[in-house]
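Novice: Structure in structure tokens, see below.
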Amino acid sequence: MPNTPKKNRTDANVADQRLIDGLQKHAATITSLVIAGVAMTPTDIIGTLQARIASSAVSTTTRAAFRAAVAAEKDERAKTKALVSAVRQALMVAFAGQIDTLSDFGLAPRKVPVLTPDQKLAAAKKAKATREARHTLGKVQKSKITGDNPTGAPAVAPSPVTAAPAPAPNPAPVAPPATAPVNAGPAPAAAPVVTPVTPVAPVPAPAPAVAPTQNTKS
């Protein structure tokens, strides 16, 4: 066992009690001890050690009582927190704008934050992005969601089926215009265009008319 006890209260009390036990056991042998130039009997030393142990016991009891008192205080504040907060809110509403009256209750008027145009714009953008990320819907959008339309998207009427138009014929390729050679002589005269004549079949002459024969009686 070390000669110097630890600093915690339990070990110190145990060490003091061991000293008391030893002095009582060897009281017949140890008649007195000179401590700091003063002769002390074992009874005087035992009385000092017992006073140390008693003060430690009082401290322990007081500490336990203190912890119990702190726990009771926290519990009481937790139970009455809502009531006190409601009282303060009611006073803030009842005496809104009356700085002197609110100060009598230890209260101060609420400070209304003043935002700059840039801050308002940034807040609006952030709110919109938050709504889109959380898929937050308004009353009108929620009213469009039904069993037949769970997504709330506007209904689109089916378009009538029409026959596909026939593809346009590909145009005949057009030959690029001829380019006259550079530094060429005079262009040759164009050949005359001869139009073929279709032969006409001869028309037959009409047959001569035959006079009718008259029979005469002799």
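The way I read the labels, and the way they are meant: chains A, B, ... in the order of the structure tokens, residue 1 as the first residue of every chain, and ligand 1 as the first ligand shown, with later ones counted on from there.
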Apply DSSP to the structure's backbone, then extract all residues of stretch 13-75 of chain A labelled alpha helix (DSSP H) and return them as number ranges by chain.

Specialist: A: 13-25, 42-75

Novice: From the list A:Thr62, A:Ile53, A:Ser143, A:Thr116, which residue is nearest A:Asp11 when using only C-alpha atoms?

Specialist: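 Answer, going by the shortest atom-to-atom distance: A:Ile53.
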
Novice: Quick check, in Å to one decimal: how far apart do atom CA of A:Gly138 and atom CA of A:Ala124 lie?

Specialist: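 Those two atoms sit 15.9 Å apart.
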
Novice: Can you pull out every residue from stretch 33-142 of chain A that DSSP, working from the backbone, puts in strand (DSSP E), and format the result as a compact mmCIF listing (two decimals) with C-alpha atoms, in the first residue's frame?

Specialist:
# COMPACT_ATOMS: atom_id res chain seq x y z
CA LEU A 33 4.89 11.73 18.76
CA VAL A 34 6.68 15.02 18.17
CA ILE A 35 4.96 16.73 15.23
CA VAL A 38 4.92 19.70 19.42
CA ALA A 39 4.47 16.46 21.36
CA MET A 40 1.13 14.82 20.52

Novice: What does the distance between atom CA of A:Asp44 and atom CA of A:Arg63 come to in Å, to one decimal place?

Specialist: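 According to the coordinates, atom CA of A:Asp44 and atom CA of A:Arg63 are separated by 28.8 Å.
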
Novice: Dump as JSON lines the rows for residues of stretch 32-115 of chain A within 9 Å of stretch 13-19 of chain A: closest atom pair and distance in Å with one decimal, only C-alpha atoms counted, ordered by chain and rising residue number.

Specialist:
{"residue": "A:Ile46", "atom": "CA", "partner": "A:Leu19", "partner_atom": "CA", "distance": 7.9}
{"residue": "A:Leu49", "atom": "CA", "partner": "A:Asp16", "partner_atom": "CA", "distance": 5.9}
{"residue": "A:Gln50", "atom": "CA", "partner": "A:Asp16", "partner_atom": "CA", "distance": 7.8}
{"residue": "A:Arg52", "atom": "CA", "partner": "A:Asn13", "partner_atom": "CA", "distance": 7.9}
{"residue": "A:Ile53", "atom": "CA", "partner": "A:Asn13", "partner_atom": "CA", "distance": 5.8}
{"residue": "A:Ser56", "atom": "CA", "partner": "A:Asn13", "partner_atom": "CA", "distance": 7.6}

Novice: Suppose we keep C-alpha atoms; can you now write the selection as a tab-separated table (two decimals), in the first residue's frame?

Specialist:
chain	number	residue	atom	x	y	z
A	46	ILE	CA	-6.80	10.04	16.42
A	49	LEU	CA	-8.03	11.99	11.89
A	50	GLN	CA	-11.63	11.39	12.97
A	52	ARG	CA	-11.07	14.68	8.78
A	53	ILE	CA	-13.27	11.66	8.14
A	56	SER	CA	-15.49	14.25	4.37

Novice: What is the atom CA of A:Ala94-atom CA of A:Arg110 distance in Å, reported with one decimal?

Specialist: 13.0 Å

Novice: Restricting the calculation to only C-alpha atoms, which member of A:Ile45, A:Ala64, A:Ala12, A:Met92 is positioned closest to A:Ser32?

Specialist: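 Of A:Ile45, A:Ala64, A:Ala12, A:Met92, the one nearest A:Ser32 is A:Ile45, counting only C-alpha atoms.
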